[in-house]
>>> print(open('my_file_2.cif').read())   # mmCIF, C-alpha atoms
data_structure
#
loop_
_atom_site.label_atom_id
_atom_site.label_comp_id
_atom_site.auth_asym_id
_atom_site.auth_seq_id
_atom_site.Cartn_x
_atom_site.Cartn_y
_atom_site.Cartn_z
CA MET A 1 -8.55 14.32 -4.53
CA PRO A 2 -6.20 17.16 -5.51
CA LEU A 3 -4.64 19.39 -2.91
CA THR A 4 -5.98 22.89 -2.63
CA THR A 5 -3.89 24.35 0.17
CA ILE A 6 -0.50 23.41 1.55
CA TYR A 7 -0.32 23.42 5.33
CA THR A 8 2.45 22.33 7.65
CA ASP A 9 3.59 18.78 8.07
CA ASN A 10 3.04 16.86 11.25
CA THR A 11 5.90 16.87 13.68
CA SER A 12 8.14 13.88 13.39
CA THR A 13 8.18 10.84 15.65
CA PRO A 14 11.49 9.44 14.52
CA VAL A 15 12.45 5.86 14.93
CA ILE A 16 16.18 5.51 15.19
CA ALA A 17 17.49 2.32 13.67
CA GLY A 18 19.01 0.38 16.51
CA ASP A 19 22.60 -0.72 16.29
CA TYR A 20 21.55 -4.33 16.52
CA GLY A 21 19.94 -6.94 14.29
CA LEU A 22 20.92 -8.52 11.02
CA LYS A 23 22.36 -6.81 7.95
CA ILE A 24 23.57 -8.23 4.67
CA ALA A 25 25.42 -5.95 2.26
CA LYS A 26 25.29 -6.29 -1.48
CA ALA A 27 28.30 -7.95 -3.03
CA GLY A 28 31.26 -5.60 -3.05
CA PHE A 29 30.07 -3.45 -0.15
CA ASP A 30 31.27 -3.44 3.43
CA VAL A 31 28.35 -4.22 5.70
CA LEU A 32 29.84 -2.03 8.42
CA THR A 33 29.80 1.10 6.25
CA ALA A 34 27.25 0.41 3.49
CA SER A 35 24.29 2.75 3.17
CA ASP A 36 20.79 1.29 3.23
CA SER A 37 20.53 1.32 -0.55
CA ASP A 38 23.65 -0.87 -0.69
CA LEU A 39 22.18 -3.51 1.57
CA LEU A 40 20.39 -6.66 0.53
CA PHE A 41 18.71 -7.06 3.87
CA ASN A 42 18.40 -5.09 7.07
CA SER A 43 16.27 -6.30 9.94
CA SER A 44 15.75 -2.66 10.95
CA TRP A 45 13.91 -1.87 7.75
CA PRO A 46 10.23 -1.37 8.49
CA SER A 47 9.26 -4.10 6.06
CA LEU A 48 5.71 -5.21 5.50
CA GLN A 49 5.05 -8.66 6.79
CA ILE A 50 1.95 -10.73 6.17
CA VAL A 51 0.04 -11.89 9.21
CA ALA A 52 -2.80 -13.59 7.38
CA VAL A 53 -4.79 -13.86 4.19
CA ILE A 54 -8.41 -14.38 5.10
CA THR A 55 -11.41 -15.00 2.89
CA ASP A 56 -14.74 -14.25 4.50
CA THR A 57 -18.02 -15.22 2.89
CA THR A 58 -20.38 -14.35 5.74
CA GLY A 59 -20.11 -10.60 5.78
CA SER A 60 -19.86 -10.64 9.56
CA PRO A 61 -16.95 -9.09 11.45
CA PHE A 62 -14.07 -11.49 11.94
CA ALA A 63 -10.99 -11.36 14.14
CA HIS A 64 -7.63 -10.59 12.55
CA GLY A 65 -5.71 -12.00 15.52
CA LEU A 66 -3.66 -8.91 16.38
CA THR A 67 -4.02 -6.45 19.28
CA PHE A 68 -3.90 -3.27 17.22
CA PRO A 69 -5.68 -1.96 14.10
CA PRO A 70 -3.55 -3.31 11.24
CA LEU A 71 -3.02 -2.29 7.66
CA VAL A 72 -5.46 -4.40 5.68
CA MET A 73 -5.70 -4.71 1.91
CA ALA A 74 -8.95 -6.01 0.49
CA THR A 75 -9.80 -7.34 -2.93
CA GLY A 76 -12.94 -5.89 -4.42
CA PRO A 77 -14.39 -2.39 -4.20
CA VAL A 78 -15.71 -2.49 -0.63
CA PRO A 79 -13.37 -0.88 1.92
CA ARG A 80 -12.75 -2.88 5.07
CA PRO A 81 -12.78 -0.96 8.38
CA VAL A 82 -10.68 -2.33 11.20
CA ASP A 83 -10.22 -1.96 14.93
CA SER A 84 -7.90 -3.65 17.38
CA THR A 85 -9.75 -6.92 17.10
CA TYR A 86 -11.97 -7.18 14.05
CA ILE A 87 -12.26 -6.53 10.33
CA TYR A 88 -15.66 -5.26 9.24
CA GLY A 89 -17.65 -4.74 6.09
CA GLY A 90 -18.57 -6.98 3.18
CA THR A 91 -17.16 -10.28 2.01
CA GLY A 92 -14.06 -11.19 0.10
CA THR A 93 -10.37 -11.71 0.68
CA VAL A 94 -8.21 -9.48 2.81
CA VAL A 95 -4.46 -9.45 3.39
CA VAL A 96 -3.53 -8.46 6.94
CA TYR A 97 -0.11 -6.87 7.48
CA ASN A 98 1.85 -6.45 10.72
CA LEU A 99 1.61 -2.65 10.73
CA ASP A 100 -0.26 -0.62 13.33
CA ILE A 101 -2.08 2.22 11.56
CA SER A 102 -2.86 4.02 14.82
CA VAL A 103 0.65 4.72 16.08
CA ASP A 104 2.49 7.80 14.84
CA VAL A 105 5.97 6.98 13.59
CA ASP A 106 8.58 8.19 11.07
CA TYR A 107 11.30 6.09 9.51
CA SER A 108 13.61 8.73 8.12
CA TYR A 109 16.26 6.16 7.41
CA THR A 110 14.15 4.64 4.65
CA THR A 111 14.12 7.83 2.58
CA LYS A 112 16.88 6.63 0.32
CA THR A 113 16.87 6.27 -3.42
CA SER A 114 16.26 2.78 -4.64
CA SER A 115 19.08 1.05 -6.43
CA SER A 116 19.28 -2.04 -8.58
CA ASN A 117 20.74 -5.36 -7.59
CA THR A 118 22.03 -8.30 -9.57
CA TYR A 119 20.68 -11.45 -8.04
CA ASP A 120 23.22 -14.06 -6.98
CA PRO A 121 21.56 -17.32 -5.88
CA ASP A 122 24.62 -18.21 -3.84
CA TYR A 123 24.63 -15.05 -1.72
CA GLY A 124 22.21 -13.65 0.81
CA ILE A 125 19.65 -15.09 3.20
CA LYS A 126 16.64 -17.27 2.76
CA MET A 127 14.36 -19.01 5.22
CA VAL A 128 11.71 -21.43 4.07
CA LYS A 129 8.26 -22.01 5.59
CA ASP A 130 7.77 -24.99 7.83
CA GLY A 131 7.50 -28.14 5.73
CA GLU A 132 8.84 -26.61 2.54
CA SER A 133 12.11 -27.36 0.83
CA ILE A 134 15.00 -24.93 1.09
CA ASP A 135 15.62 -25.69 -2.57
CA SER A 136 12.12 -24.65 -3.61
CA THR A 137 11.93 -22.41 -6.65
CA ASP A 138 8.53 -21.05 -5.59
CA LEU A 139 9.04 -17.83 -3.66
CA ARG A 140 5.71 -18.35 -1.91
CA ASP A 141 7.45 -21.08 0.07
CA TYR A 142 9.76 -18.60 1.78
CA LEU A 143 9.39 -16.51 4.89
CA VAL A 144 12.31 -14.34 3.91
CA HIS A 145 14.42 -14.35 0.76
CA SER A 146 17.00 -11.70 0.02
CA ARG A 147 16.28 -11.95 -3.68
CA CYS A 148 13.06 -10.08 -2.84
CA GLY A 149 12.17 -6.76 -1.31
CA THR A 150 9.07 -5.48 0.40
CA PRO A 151 7.37 -2.12 0.54
CA LEU A 152 8.88 -0.15 3.39
CA VAL A 153 7.09 2.13 5.79
CA LEU A 154 8.06 5.76 5.45
CA ALA A 155 5.65 7.00 8.09
CA VAL A 156 2.37 6.62 9.89
CA LYS A 157 0.96 10.02 10.86
CA ASN A 158 -2.03 10.80 13.03
CA THR A 159 -3.46 13.77 14.88
CA SER A 160 -1.17 13.35 17.90
CA THR A 161 1.48 15.21 15.91
CA SER A 162 -0.79 17.61 14.02
CA THR A 163 0.41 21.17 13.49
CA TYR A 164 -2.67 22.78 12.01
CA THR A 165 -6.43 22.92 12.14
CA VAL A 166 -8.63 23.32 9.12
CA PRO A 167 -9.25 27.03 8.49
CA THR A 168 -12.81 28.25 9.03
CA ALA A 169 -13.61 24.95 10.74
CA PRO A 170 -14.08 24.40 14.47
CA ALA A 171 -10.87 24.50 16.44
CA ASP A 172 -10.74 20.75 16.94
CA TYR A 173 -10.78 19.95 13.22
CA LYS A 174 -7.18 18.85 13.25
CA GLY A 175 -5.43 18.16 9.98
CA ILE A 176 -2.51 15.88 9.24
CA GLN A 177 -0.03 16.41 6.45
CA TYR A 178 3.01 14.49 5.26
CA THR A 179 5.53 15.40 2.57
CA GLN A 180 7.44 12.54 1.04
CA LYS A 181 10.90 13.32 -0.27
CA LEU A 182 11.60 10.46 -2.62
CA GLY A 183 10.58 12.14 -5.86
CA TYR A 184 8.60 9.20 -7.23
CA PRO A 185 5.16 7.84 -6.41
CA VAL A 186 4.62 6.31 -3.03
CA PHE A 187 1.56 4.48 -1.77
CA VAL A 188 -0.53 6.56 0.60
CA PHE A 189 -3.41 5.04 2.52
CA GLY A 190 -5.69 7.26 4.57
CA TYR A 191 -7.93 6.30 7.47
CA VAL A 192 -10.29 8.09 9.84
CA LYS A 193 -11.31 6.84 13.26
CA ALA A 194 -15.06 6.77 13.73
CA GLY A 195 -16.55 8.68 16.64
CA VAL A 196 -19.97 7.24 15.86
CA ALA A 197 -21.28 3.77 15.30
CA ASN A 198 -21.90 2.53 11.76
CA PHE A 199 -19.77 5.24 10.20
CA GLY A 200 -20.15 5.37 6.44
CA SER A 201 -23.18 3.07 6.69
CA ILE A 202 -20.91 0.14 7.47
CA THR A 203 -22.02 -1.81 10.52
CA SER A 204 -19.18 -1.15 12.93
CA PRO A 205 -18.67 0.23 16.45
CA ILE A 206 -17.25 3.53 17.60
CA GLY A 207 -13.47 3.55 17.36
CA THR A 208 -13.22 1.68 14.08
CA TRP A 209 -10.72 2.90 11.52
CA HIS A 210 -12.34 3.50 8.14
CA VAL A 211 -10.70 3.86 4.77
CA SER A 212 -10.40 7.40 3.48
CA PRO A 213 -9.94 6.93 -0.26
CA LEU A 214 -8.04 9.20 -2.59
CA ALA A 215 -11.01 9.50 -4.92
CA GLY A 216 -14.34 10.73 -3.67
CA GLN A 217 -16.67 13.68 -3.42
CA SER A 218 -17.69 13.31 0.19
CA TYR A 219 -15.79 13.11 3.43
CA PRO A 220 -13.56 11.37 4.21
CA VAL A 221 -11.17 11.84 1.34
CA THR A 222 -7.39 11.78 1.41
CA ALA A 223 -5.92 14.62 -0.63
CA THR A 224 -2.57 14.18 -2.29
CA ASN A 225 -0.52 15.45 -5.20
CA GLY A 226 1.84 12.50 -4.96
CA THR A 227 4.26 14.39 -2.75
CA ILE A 228 2.13 16.03 -0.08
CA SER A 229 -0.78 14.16 1.47
CA GLN A 230 -3.47 15.50 3.80
CA LEU A 231 -6.41 14.34 5.84
CA PHE A 232 -8.46 15.98 8.59
CA ILE A 233 -10.92 14.97 11.29
CA THR A 234 -14.41 16.25 12.01
CA PRO A 235 -15.17 15.64 15.69
CA PRO A 236 -17.34 14.13 17.00
CA THR A 237 -18.00 12.13 13.83
CA THR A 238 -14.34 11.28 13.40
CA THR A 239 -11.86 11.55 16.22
CA ASP A 240 -8.53 10.67 14.66
CA ALA A 241 -6.99 10.14 11.26
CA SER A 242 -4.04 8.23 9.90
CA LEU A 243 -1.86 8.54 6.84
CA VAL A 244 0.14 5.40 6.11
CA ILE A 245 2.91 6.07 3.62
CA LEU A 246 4.81 3.21 2.00
CA ARG A 247 7.62 3.22 -0.52
CA THR A 248 8.97 0.69 -2.99
CA PRO A 249 11.65 -1.72 -1.76
CA MET A 250 15.15 -0.43 -1.27
CA PHE A 251 16.33 -2.16 -4.43
CA ALA A 252 13.83 -1.53 -7.15
CA THR A 253 14.51 -0.21 -10.59
CA THR A 254 12.09 1.84 -12.57
CA ASN A 255 10.27 0.03 -15.33
CA THR A 256 8.27 2.56 -17.32
CA VAL A 257 6.17 1.57 -20.30
CA ASN A 258 4.33 4.06 -22.50
CA VAL A 259 1.08 3.02 -24.14
CA VAL A 260 -1.28 4.87 -26.45
CA PHE A 261 -4.93 3.95 -26.22
CA MET B 1 4.69 -22.84 14.27
CA SER B 2 8.03 -24.58 14.59
CA ASP B 3 10.61 -23.33 17.08
CA TYR B 4 13.04 -21.72 14.66
CA GLY B 5 13.62 -18.45 12.93
CA LEU B 6 14.75 -14.87 13.49
CA GLN B 7 13.16 -12.28 15.70
CA VAL B 8 14.27 -8.72 16.39
CA THR B 9 12.38 -6.87 19.10
CA LYS B 10 11.93 -3.15 19.49
CA SER B 11 14.41 -1.35 21.70
CA GLY B 12 13.68 -2.02 25.36
CA VAL B 13 11.67 -5.16 24.71
CA SER B 14 13.03 -8.51 25.77
CA ALA B 15 13.36 -11.19 23.14
CA PRO B 16 11.66 -13.49 22.51
CA SER B 17 8.24 -11.90 22.51
CA SER B 18 5.01 -13.41 21.28
CA ASN B 19 3.37 -10.01 20.81
CA PRO B 20 3.66 -8.84 17.18
CA ALA B 21 3.48 -5.23 18.40
CA ASP B 22 6.83 -5.74 20.18
CA LEU B 23 8.65 -6.77 17.05
CA ILE B 24 10.62 -4.98 14.39
CA MET B 25 10.97 -8.16 12.43
CA THR B 26 10.02 -11.76 12.78
CA THR B 27 10.32 -14.68 10.42
CA LYS B 28 7.10 -15.99 11.92
CA PHE B 29 5.40 -13.80 9.34
CA PRO B 30 6.44 -14.01 5.71
CA PHE B 31 7.70 -10.83 4.21
CA ALA B 32 5.39 -9.18 1.67
CA ASN B 33 7.89 -10.05 -0.99
CA ILE B 34 8.24 -8.55 -4.43
CA ASP B 35 10.60 -10.27 -6.86
CA PRO B 36 12.68 -7.67 -8.71
CA THR B 37 14.00 -10.28 -11.13
CA LEU B 38 10.57 -10.18 -12.78
CA SER B 39 10.60 -6.98 -14.81
CA ASN B 40 6.94 -6.13 -14.21
CA SER B 41 7.10 -6.49 -10.43
CA PHE B 42 7.57 -2.72 -10.29
CA ARG B 43 6.05 -0.98 -13.20
CA THR B 44 4.80 2.42 -14.22
CA THR B 45 2.45 2.30 -17.18
CA ASN B 46 1.85 5.64 -18.86
CA ILE B 47 -1.31 5.64 -20.96
CA SER B 48 -2.14 8.41 -23.40
CA ILE B 49 -5.80 8.53 -24.36
CA SER B 50 -6.13 9.27 -28.07
CA ARG B 51 -9.69 8.08 -28.58
CA ASP B 52 -12.81 7.94 -26.46
CA PRO B 53 -14.05 4.53 -25.37
CA VAL B 54 -17.64 3.69 -26.16
CA ILE B 55 -19.86 5.29 -23.53
CA GLY B 56 -20.90 2.81 -20.89
CA VAL B 57 -18.59 0.03 -22.07
CA THR B 58 -15.78 -1.16 -19.82
CA THR B 59 -12.88 -1.05 -22.21
CA LEU B 60 -9.45 -2.60 -21.97
CA LEU B 61 -6.73 0.03 -21.95
CA THR B 62 -3.75 -2.29 -21.83
CA TYR B 63 -2.44 -5.31 -20.02
CA PHE B 64 0.89 -6.81 -18.99
CA ALA B 65 2.13 -10.17 -17.84
CA HIS B 66 2.99 -10.27 -14.15
CA GLY B 67 5.28 -13.27 -14.52
CA TYR B 68 3.52 -15.76 -12.24
CA THR B 69 1.33 -18.79 -12.97
CA TYR B 70 -1.14 -17.93 -10.21
CA ILE B 71 -3.08 -14.83 -9.19
CA PRO B 72 -0.70 -12.64 -7.17
CA LYS B 73 -1.59 -9.75 -4.91
CA VAL B 74 -1.22 -6.46 -6.79
CA TRP B 75 -1.25 -2.89 -5.54
CA GLY B 76 -2.17 -0.29 -8.12
CA LEU B 77 -1.93 3.48 -7.95
CA TRP B 78 -3.73 5.52 -10.59
CA THR B 79 -2.54 9.01 -11.35
CA VAL B 80 -4.76 11.03 -13.68
CA GLY B 81 -4.12 14.53 -14.82
CA PRO B 82 -3.73 17.34 -15.32
CA TYR B 83 -7.02 19.06 -14.71
CA VAL B 84 -8.56 20.59 -17.79
CA ALA B 85 -11.49 22.98 -17.35
CA GLY B 86 -14.71 21.55 -18.70
CA THR B 87 -13.58 17.97 -18.31
CA PHE B 88 -13.53 15.58 -15.41
CA PRO B 89 -11.77 16.86 -12.31
CA PHE B 90 -8.49 15.06 -12.05
CA GLY B 91 -6.10 14.34 -9.30
CA ILE B 92 -3.96 11.59 -8.02
CA VAL B 93 -6.04 8.66 -6.99
CA ASN B 94 -5.28 5.36 -5.45
CA VAL B 95 -6.95 2.03 -5.30
CA GLN B 96 -7.11 0.16 -2.07
CA SER B 97 -9.13 -2.43 -3.87
CA TYR B 98 -9.35 -3.15 -7.51
CA ASN B 99 -11.40 -0.20 -8.69
CA THR B 100 -11.42 3.54 -8.53
CA TYR B 101 -14.13 5.94 -9.45
CA LEU B 102 -13.84 9.52 -10.57
CA SER B 103 -16.76 11.79 -11.23
CA ASN B 104 -17.52 15.34 -12.21
CA THR B 105 -21.11 14.99 -11.12
CA THR B 106 -23.07 12.10 -9.75
CA ALA B 107 -24.23 11.25 -13.25
CA ALA B 108 -21.12 12.00 -15.25
CA ASN B 109 -18.31 9.76 -14.15
CA PHE B 110 -15.61 7.54 -15.40
CA GLN B 111 -14.04 4.55 -13.77
CA LEU B 112 -10.57 3.17 -13.86
CA SER B 113 -10.10 -0.37 -12.71
CA TYR B 114 -7.73 -3.28 -12.93
CA THR B 115 -8.08 -7.00 -12.67
CA VAL B 116 -5.55 -9.71 -12.05
CA ASP B 117 -5.70 -13.25 -13.37
CA ALA B 118 -3.16 -16.06 -13.42
CA THR B 119 -1.22 -14.39 -16.23
CA ASN B 120 -1.91 -10.71 -16.61
CA VAL B 121 -2.71 -7.46 -14.92
CA SER B 122 -5.36 -5.77 -17.09
CA LEU B 123 -6.29 -2.10 -16.96
CA TYR B 124 -9.77 -0.84 -17.85
CA ILE B 125 -11.68 2.37 -18.32
CA VAL B 126 -15.37 3.16 -18.70
CA ASN B 127 -16.95 6.54 -19.40
CA ASN B 128 -20.41 6.65 -17.88
CA ASP B 129 -21.32 10.18 -18.88
CA PRO B 130 -24.96 9.89 -20.03
CA SER B 131 -25.30 13.39 -21.44
CA ALA B 132 -25.84 14.14 -25.11
CA THR B 133 -22.35 15.65 -25.27
CA PRO B 134 -20.29 13.49 -22.96
CA PHE B 135 -16.98 14.62 -21.51
CA THR B 136 -14.09 13.61 -23.68
CA LEU B 137 -11.13 11.73 -22.33
CA VAL B 138 -8.94 12.44 -25.37
CA GLY B 139 -5.76 14.10 -24.29
CA VAL B 140 -5.87 12.68 -20.79
CA ASN B 141 -2.71 11.04 -19.52
CA ILE B 142 -3.15 8.24 -17.04
CA GLN B 143 -0.37 6.64 -15.03
CA PHE B 144 -0.69 3.29 -13.33
CA THR B 145 2.04 2.47 -10.81
CA SER B 146 1.91 -1.13 -9.73
CA LEU B 147 3.58 -3.52 -7.35
CA VAL B 148 3.15 -7.25 -7.98
CA PHE B 149 3.69 -9.35 -4.89
CA VAL B 150 4.85 -12.95 -4.62
CA THR B 151 1.85 -13.57 -2.36
CA ASP B 152 -1.18 -15.31 -3.75
CA LEU B 153 -4.64 -15.01 -2.24
CA GLN B 154 -4.84 -18.50 -0.79
CA ALA B 155 -5.99 -18.55 2.81
CA GLN B 156 -3.06 -18.48 5.21
CA ASN B 157 -2.58 -17.50 8.83
CA TYR B 158 0.75 -17.16 10.58
CA LEU B 159 -0.42 -16.22 14.06
#
>>> encode(input="my_file_2.cif", output="structure tokens")
Amino acid sequence: MPLTTIYTDNTSTPVIAGDYGLKIAKAGFDVLTASDSDLLFNSSWPSLQIVAVITDTTGSPFAHGLTFPPLVMATGPVPRPVDSTYIYGGTGTVVVYNLDISVDVDYSYTTKTSSSNTYDPDYGIKMVKDGESIDSTDLRDYLVHSRCGTPLVLAVKNTSTSTYTVPTAPADYKGIQYTQKLGYPVFVFGYVKAGVANFGSITSPIGTWHVSPLAGQSYPVTATNGTISQLFITPPTTTDASLVILRTPMFATTNTVNVVF
Amino acid sequence: MSDYGLQVTKSGVSAPSSNPADLIMTTKFPFANIDPTLSNSFRTTNISISRDPVIGVTTLLTYFAHGYTYIPKVWGLWTVGPYVAGTFPFGIVNVQSYNTYLSNTTAANFQLSYTVDATNVSLYIVNNDPSATPFTLVGVNIQFTSLVFVTDLQAQNYL
């Protein structure tokens, strides 16, 4: 949904990268002074990690195994609401990531331009899954491999840091807004927290986080122009909202192809 | 899970911790890897519409090889625009599943969707405008930004 009005961004909840962990610089760079875009690996990067891939054929709620509402990606057109225990709605396969969509956070240190990297098989870090060979050529066998990158979290924003309410709406119609500064498309996922049971006609309890798609003609809809993204709540029907903003890996080169249909 | 790996906890939290919420990083969970050595792992496909698809027929726009021999997880972001008066309302849209749906009215709509098989990512469009003079899509520019993950969709659980 296009933006119609620009408001003010949420206040920031910055996460400061701790001076501890594991870093690996690209060849030719000093790990002590290299910027993030000159690193192969940094354990402080808010990388997406996969908790589970679950296929459900029953249509009943099933536990994701975490203690917070996680980022969940479903296959198929049916959105999958989540809470701190269960995934609701429909059947199909879902990928569960280790990212809490309910906690406000900003990772300003990931707002760096991506750079390219020439892969050297003899340099970096790799860790293979239990039972797999360290010499495997199938990247699915690895827990971590510095040849690869993951989407990185730029921010998760909710109404705890809101700075505006929707004009002409009741005073508690808080809005959230985030402006990304990378200059190229990022992935924005919007959610609203249900204040009523069975929100959106999906069997689910109060407190479930429901997908707020970018395309739609009825609430909830996440508005974005690719740079600025917005979402608002409508108490008591919805009591919180979340924008999850993810960027491409730190080393990723643009591959643009033009096609005429 | 075997007793090996790396774990970095959040500041103020003692390592090791079995609570995923305490962790910045753990090799207990595989990273949602994308292989940049495969050229289509990150890709922006710009599609210029020069002809209208047959009304009501899901039509292939284009496709590209993802580089794997299995069905990988793919994220796709559709960007459609700009808005032209008298045509479908456009804006940046996203797919959190494999389809997206844009409509001017309940009846007049068009859908953008993508599918993934063991070789290709395929992009589709269908114009469902049932009116006698359907909205044209000629002149529309559509952008599909995609990430192709190493991950397949086989059941797996790392908790």
>>> closest_residue(input="my_file_2.cif", among="B:Leu23, B:Leu112, B:Ala32, B:Val54", to="Phe135 (chain B)", atoms="all atoms listed in the file")
B:Val54
>>> resolve_selection(input="my_file_2.cif", expression="the PyMOL selection byres ((chain A) within 7 of (chain B))", output="NGL selection string")
:A and (1-2 or 21 or 43-44 or 46 or 48-55 or 65 or 73-77 or 130 or 139-140 or 142-144 or 147-150 or 214-215 or 224-226 or 252 or 254-261)
>>> atom_distance(input="my_file_2.cif", atom1="CA of Val103 (chain A)", atom2="CA of Phe232 (chain A)")
16.3 Å
>>> residues_near_point(input="my_file_2.cif", point="(5.2, 6.1, 12.3)", cutoff="9 Å", atoms="all atoms listed in the file", output="mmCIF file with C-alpha atoms, in the coordinates of the input")
data_model
loop_
_atom_site.group_PDB
_atom_site.id
_atom_site.type_symbol
_atom_site.label_atom_id
_atom_site.label_comp_id
_atom_site.auth_asym_id
_atom_site.auth_seq_id
_atom_site.Cartn_x
_atom_site.Cartn_y
_atom_site.Cartn_z
ATOM 1 C CA SER A 12 8.140 13.880 13.390
ATOM 2 C CA THR A 13 8.180 10.840 15.650
ATOM 3 C CA PRO A 14 11.490 9.440 14.520
ATOM 4 C CA VAL A 15 12.450 5.860 14.930
ATOM 5 C CA ASP A 100 -0.260 -0.620 13.330
ATOM 6 C CA ILE A 101 -2.080 2.220 11.560
ATOM 7 C CA SER A 102 -2.860 4.020 14.820
ATOM 8 C CA VAL A 103 0.650 4.720 16.080
ATOM 9 C CA ASP A 104 2.490 7.800 14.840
ATOM 10 C CA VAL A 105 5.970 6.980 13.590
ATOM 11 C CA ASP A 106 8.580 8.190 11.070
ATOM 12 C CA TYR A 107 11.300 6.090 9.510
ATOM 13 C CA VAL A 153 7.090 2.130 5.790
ATOM 14 C CA LEU A 154 8.060 5.760 5.450
ATOM 15 C CA ALA A 155 5.650 7.000 8.090
ATOM 16 C CA VAL A 156 2.370 6.620 9.890
ATOM 17 C CA LYS A 157 0.960 10.020 10.860
ATOM 18 C CA ASN A 158 -2.030 10.800 13.030
ATOM 19 C CA VAL A 244 0.140 5.400 6.110
ATOM 20 C CA ILE A 245 2.910 6.070 3.620
#
>>> axis_aligned_box(input="my_file_2.cif", around="region 112-126 of chain A", padding_each_side="8 Å", output="lines of an AutoDock Vina configuration file")
center_x = 20.4
center_y = -5.8
center_z = -3.2
size_x = 24.4
size_y = 40.8
size_z = 28.8
>>> residues_around(input="my_file_2.cif", residues="Thr59 (chain B)", least_positions_apart="3", cutoff="7 Å", atoms="all atoms listed in the file", output="count of residues only")
4
>>> atom_distance(input="my_file_2.cif", atom1="CA of Gly183 (chain A)", atom2="CA of Thr253 (chain A)")
13.8 Å
>>> residues_around(input="my_file_2.cif", residues="region 159-163 of chain A", least_positions_apart="4", cutoff="7 Å", atoms="only C-alpha atoms", output="number ranges by chain")
A: 8-11, 174-176, 240-241
>>> residues_around(input="my_file_2.cif", residues="Asp117 (chain B)", least_positions_apart="6", cutoff="10 Å", atoms="only C-alpha atoms", output="ChimeraX atom specification")
/B:65-66,68-72
>>> atom_distance(input="my_file_2.cif", atom1="CA of Val211 (chain A)", atom2="CA of Leu71 (chain A)")
10.3 Å
>>> resolve_selection(input="my_file_2.cif", expression="the PyMOL selection byres ((chain A and resi 83) around 7)", output="list in words")
Phe68, Pro69, Val82, Ser84, Thr85, Tyr86, Ile87, Gly207, Thr208 and Trp209 of chain A
>>> closest_residue(input="my_file_2.cif", among="A:Ala223, A:Ala34, A:Val166, A:Val192", to="Thr179 (chain A)", atoms="all atoms listed in the file")
A:Ala223
>>> resolve_selection(input="my_file_2.cif", expression="the PyMOL selection byres ((chain A and resi 24) around 7)", output="list of chain:residue names")
A:Leu22, A:Lys23, A:Ala25, A:Lys26, A:Val31, A:Leu39, A:Leu40, A:Phe41, A:Asn42, A:Gly124
>>> closest_residue(input="my_file_2.cif", among="A:Gln180, A:Ser201, A:Thr239, A:Thr91", to="Thr227 (chain A)", atoms="only C-alpha atoms")
A:Gln180
>>> residues_around(input="my_file_2.cif", residues="Ser212 (chain A)", least_positions_apart="2", cutoff="6 Å", atoms="all atoms listed in the file", output="NGL selection string")
:A and (190-191 or 220-222)
